[in-house]
Amino acid sequence: MPQQPAFTPQELEAYHRDGYLIVRNFCSPEETDKLYSTALSDDAMSKNALDLNDQSGKKTRLSLWFTPGNDVFGYLTRSNKMVIRVAALLDGDASVCHFHSKLMQKEPRVGGAWEWHQDYGYWYKNQFMFPDQLMSVMVALTKADKENGCLQVIKGSHKLGRVNHGFAGEQVGADMVMVNNALETMPLVYAELQPGDALFFHSNLLHRSEANLSDAPRWSIISCYSLQSNLAYNEKSVSWKTPINVVPDEAILNWEASSLSDNDFLAKENDPALKETGWEK
Ligand SMILES: O=C(O)CCC(=O)C(=O)O
């Protein structure tokens with residue numbers, strides 16, 4: 001049976017104009033429940049969590065791994081519905097590869113902020129050549145709204161190209177002169193998501209999020225993708241240049257899933273680059 005096109009022409013136009021696109025109900029309630037309950041219960045996820053300080057010293061927690069495996073998150077990131085959408089949005093015909101995924105764990109009342117940045121502000125140091133061949137997909141595992149620190153984006157800011165970035169706490173932050181100029185010029189949008197919604201965004205889209213001062217957790221998974229044609233001259237991991245082994249969507253719910261302990265998690269203390277220059281997203 002021929003595949004449905006991943007997006008309508010209007011959706012593609014919106015992504016290229018705005019630098020992001022929200023797909024509501026990208027994951028069904030059953031898929032979202034399975035992902036969230038695995039995230040909460042799998043020991044490997046909490047054992048491999050990194051706490052990063054924002055500028056005010058508030059901690060934000062994440063676990064990051066490179067190779068998408070045969071676990072429920074691997075099935076999500078390798079699912080046909082994900083890969084065909086990413087392929088439709090990236091600039092080129094080469095195979096889609098998975099750079100890394102992160103489980104973002106913004107805990108109630110403590111989950112720290114993310115400073116204004118472009119993902120390519122981090123990935124430039126990995127020497128990826130083409131920002132139009134890089135993107136991220138955030139899938140909400142809980143609701144994300146203004147109260148619990150949802151992502152904020154500057155609509156259309158991917159068209160600025162990469163702006164300068166420096167350090168902000170243990171994070172990398174964009175030059176605030178350019179951010180303020182962008183805020184004067186383009187709309188600020190709160191990307192509020194319901195569990196299961198997905199936000200697809202360009203690697204040069206300026207975005208941030210505030211601390212989670214609410215009583216509700218704000219958990220999400222962010223997967224970052226590149227095309228095989230996009231060489232990274234300073235990146236040690238290998239999944240970014242390995243075409244994704246795509247699985248059917250039903251794998252998320254129905255295939256036997258292995259533990260996350262098989263994943264190649266990033267460890268803050270073991271990575272000399274992290275010690276020297278801040279963490280690698
Ligand atoms: O999860 C968040 O609030 C922000 C994360 C983020 O900006 C990123 O990973 O690029």
# chains A, B, ... in the order shown; residues from 1 in each chain; ligands from 1
>>> closest_atom_pairs(of="chain A", to="ligand 1", cutoff="8 Å", atoms="only C-alpha atoms and all ligand atoms", output="tab-separated table")
residue	atom	partner	partner_atom_place_in_ligand_line	distance
A:Lys102	CA	ligand 1	9 (O)	7.5
A:Met104	CA	ligand 1	1 (O)	5.5
A:Gln105	CA	ligand 1	1 (O)	7.8
A:Lys106	CA	ligand 1	1 (O)	7.4
A:Ala113	CA	ligand 1	3 (O)	6.7
A:Trp114	CA	ligand 1	4 (C)	5.4
A:Glu115	CA	ligand 1	7 (O)	7.5
A:Trp116	CA	ligand 1	7 (O)	7.8
A:His117	CA	ligand 1	7 (O)	7.1
A:Gln118	CA	ligand 1	10 (O)	7.2
A:Asp119	CA	ligand 1	10 (O)	5.5
A:Ser136	CA	ligand 1	10 (O)	8.0
A:Gly149	CA	ligand 1	3 (O)	6.6
A:Cys150	CA	ligand 1	3 (O)	6.1
A:Leu151	CA	ligand 1	3 (O)	5.4
A:His207	CA	ligand 1	7 (O)	6.0
A:Arg208	CA	ligand 1	7 (O)	5.3
A:Ser209	CA	ligand 1	3 (O)	4.7
A:Glu210	CA	ligand 1	3 (O)	7.1
A:Trp219	CA	ligand 1	1 (O)	7.8
A:Ser220	CA	ligand 1	1 (O)	6.9
A:Ile222	CA	ligand 1	9 (O)	6.6
A:Lys281	CA	ligand 1	9 (O)	7.0
>>> select_by_dssp(residues="segment 16-245 of chain A", states="helix (DSSP H, G or I)", output="number ranges by chain")
A: 16-18, 29-41, 43-47, 72-78, 80-89, 119-126, 131-133, 157-160, 176-185, 239-241
>>> closest_residue(among="A:Leu205, A:Ala44, A:Ala140, A:Val189", to="Gly121 of chain A", atoms="only C-alpha atoms")
A:Leu205
>>> closest_residue(among="A:Asp197, A:Asp264, A:Asp215, A:Asp175", to="Asn25 of chain A", atoms="only C-alpha atoms")
A:Asp197
>>> atom_distance(atom1="atom CA of Ser46 of chain A", atom2="atom CA of Glu31 of chain A")
20.6 Å
>>> closest_atom_pairs(of="segment 112-148 of chain A", to="segment 70-78 of chain A", cutoff="12 Å", atoms="only C-alpha atoms", output="JSON lines")
{"residue": "A:Ser136", "atom": "CA", "partner": "A:Thr77", "partner_atom": "CA", "distance": 11.0}
{"residue": "A:Val137", "atom": "CA", "partner": "A:Thr77", "partner_atom": "CA", "distance": 9.3}
{"residue": "A:Met138", "atom": "CA", "partner": "A:Thr77", "partner_atom": "CA", "distance": 10.7}
{"residue": "A:Val139", "atom": "CA", "partner": "A:Leu76", "partner_atom": "CA", "distance": 9.7}
{"residue": "A:Leu141", "atom": "CA", "partner": "A:Phe73", "partner_atom": "CA", "distance": 11.7}
>>> select_by_dssp(residues="segment 88-216 of chain A", states="strand (DSSP E or B)", output="number ranges by chain")
A: 96-106, 114-117, 128, 134-140, 144, 151-154, 165-168, 171-174, 188-191, 193, 198-202, 207-209
>>> closest_residue(among="A:Pro131, A:Pro9, A:Gly111, A:Pro248", to="Asp91 of chain A", atoms="only C-alpha atoms")
A:Pro131
>>> atom_distance(atom1="atom CA of Tyr122 of chain A", atom2="atom CA of His165 of chain A")
8.1 Å
>>> residues_around(residues="segment 92-100 of chain A", least_positions_apart="6", cutoff="9 Å", atoms="only C-alpha atoms", output="PyMOL selection string")
chain A and resi 64-68+77-78+83-84+86+132-134+222-230+237-245+281
>>> residues_around(residues="Arg218 of chain A", least_positions_apart="6", cutoff="7 Å", atoms="only C-alpha atoms", output="list in words")
Gln105, Lys106, Glu107, Thr142, Lys143, Ala144 and Asn148 of chain A
>>> closest_residue(among="A:Trp255, A:Phe26, A:Tyr20, A:Phe7", to="Phe200 of chain A", atoms="only C-alpha atoms")
A:Tyr20
>>> residues_around(residues="Gly19 of chain A", least_positions_apart="6", cutoff="9 Å", atoms="only C-alpha atoms", output="PyMOL selection string")
chain A and resi 154-159+200-205
>>> write_last_selection(atoms="N, CA and C atoms", output="PDB file, in the first residue's frame")
ATOM      1  N   ILE A 154      11.008  31.460  19.241  1.00  0.00           N
ATOM      2  CA  ILE A 154      10.830  32.705  18.479  1.00  0.00           C
ATOM      3  C   ILE A 154      10.547  32.279  17.041  1.00  0.00           C
ATOM      4  N   LYS A 155       9.267  32.528  16.670  1.00  0.00           N
ATOM      5  CA  LYS A 155       8.758  32.035  15.388  1.00  0.00           C
ATOM      6  C   LYS A 155       9.529  32.653  14.218  1.00  0.00           C
ATOM      7  N   GLY A 156      10.104  31.824  13.383  1.00  0.00           N
ATOM      8  CA  GLY A 156      10.827  32.321  12.206  1.00  0.00           C
ATOM      9  C   GLY A 156      12.297  32.599  12.463  1.00  0.00           C
ATOM     10  N   SER A 157      12.772  32.390  13.722  1.00  0.00           N
ATOM     11  CA  SER A 157      14.153  32.783  14.046  1.00  0.00           C
ATOM     12  C   SER A 157      15.194  31.860  13.421  1.00  0.00           C
ATOM     13  N   HIS A 158      14.784  30.691  12.906  1.00  0.00           N
ATOM     14  CA  HIS A 158      15.751  29.800  12.238  1.00  0.00           C
ATOM     15  C   HIS A 158      16.352  30.490  11.011  1.00  0.00           C
ATOM     16  N   LYS A 159      15.639  31.545  10.526  1.00  0.00           N
ATOM     17  CA  LYS A 159      16.129  32.226   9.317  1.00  0.00           C
ATOM     18  C   LYS A 159      17.290  33.182   9.614  1.00  0.00           C
ATOM     19  N   PHE A 200       8.158  19.492  16.189  1.00  0.00           N
ATOM     20  CA  PHE A 200       9.292  19.310  15.277  1.00  0.00           C
ATOM     21  C   PHE A 200       9.939  20.683  15.102  1.00  0.00           C
ATOM     22  N   PHE A 201      11.259  20.800  15.335  1.00  0.00           N
ATOM     23  CA  PHE A 201      11.843  22.138  15.174  1.00  0.00           C
ATOM     24  C   PHE A 201      13.248  22.112  14.584  1.00  0.00           C
ATOM     25  N   HIS A 202      13.530  23.190  13.855  1.00  0.00           N
ATOM     26  CA  HIS A 202      14.778  23.386  13.104  1.00  0.00           C
ATOM     27  C   HIS A 202      15.932  23.646  14.070  1.00  0.00           C
ATOM     28  N   SER A 203      17.135  23.230  13.684  1.00  0.00           N
ATOM     29  CA  SER A 203      18.283  23.348  14.603  1.00  0.00           C
ATOM     30  C   SER A 203      18.706  24.797  14.852  1.00  0.00           C
ATOM     31  N   ASN A 204      18.227  25.741  14.046  1.00  0.00           N
ATOM     32  CA  ASN A 204      18.559  27.145  14.307  1.00  0.00           C
ATOM     33  C   ASN A 204      17.393  27.931  14.907  1.00  0.00           C
ATOM     34  N   LEU A 205      16.337  27.246  15.309  1.00  0.00           N
ATOM     35  CA  LEU A 205      15.218  27.961  15.949  1.00  0.00           C
ATOM     36  C   LEU A 205      15.636  28.372  17.370  1.00  0.00           C
TER      37      LEU A 205
END
>>> closest_residue(among="A:Gln127, A:Gln55, A:Ser28, A:Ser79", to="Glu170 of chain A", atoms="only C-alpha atoms")
A:Gln55
>>> closest_residue(among="A:Ser214, A:Asn180, A:Ser63, A:Gln4", to="Leu260 of chain A", atoms="only C-alpha atoms")
A:Ser63
>>> residues_around(residues="Ser261 of chain A", least_positions_apart="3", cutoff="10 Å", atoms="only C-alpha atoms", output="short mmCIF file (atom, residue, chain, number, x, y, z; two decimals) with N, CA and C atoms, in the first residue's frame")
data_model
loop_
_atom_site.label_atom_id
_atom_site.label_comp_id
_atom_site.auth_asym_id
_atom_site.auth_seq_id
_atom_site.Cartn_x
_atom_site.Cartn_y
_atom_site.Cartn_z
N ASP A 42 12.38 2.61 34.72
CA ASP A 42 13.61 1.95 34.29
C ASP A 42 14.81 2.55 35.04
N ASP A 43 15.48 1.68 35.82
CA ASP A 43 16.60 2.15 36.66
C ASP A 43 17.71 2.81 35.85
N ALA A 44 17.95 2.29 34.63
CA ALA A 44 19.06 2.81 33.82
C ALA A 44 18.85 4.30 33.53
N MET A 45 17.61 4.69 33.38
CA MET A 45 17.32 6.09 33.06
C MET A 45 17.72 6.98 34.24
N LYS A 47 19.73 6.14 36.79
CA LYS A 47 21.18 5.99 37.10
C LYS A 47 22.03 6.86 36.18
N ASN A 48 21.56 7.08 34.98
CA ASN A 48 22.35 7.82 33.98
C ASN A 48 21.92 9.27 33.83
N ASP A 71 14.54 -0.82 22.76
CA ASP A 71 13.73 -0.47 23.91
C ASP A 71 12.60 0.43 23.42
N SER A 258 13.62 -4.27 25.16
CA SER A 258 14.71 -4.58 26.09
C SER A 258 14.85 -3.43 27.09
N ASP A 264 23.79 3.49 25.12
CA ASP A 264 25.08 4.16 25.33
C ASP A 264 24.81 5.58 25.85
N PHE A 265 24.60 5.65 27.16
CA PHE A 265 24.29 6.94 27.79
C PHE A 265 25.53 7.83 27.86
#
>>> residues_around(residues="segment 166-169 of chain A", least_positions_apart="4", cutoff="8 Å", atoms="only C-alpha atoms", output="JSON, numbers by chain")
{"A": [53, 54, 55, 56, 57, 115, 173, 174, 175, 278]}
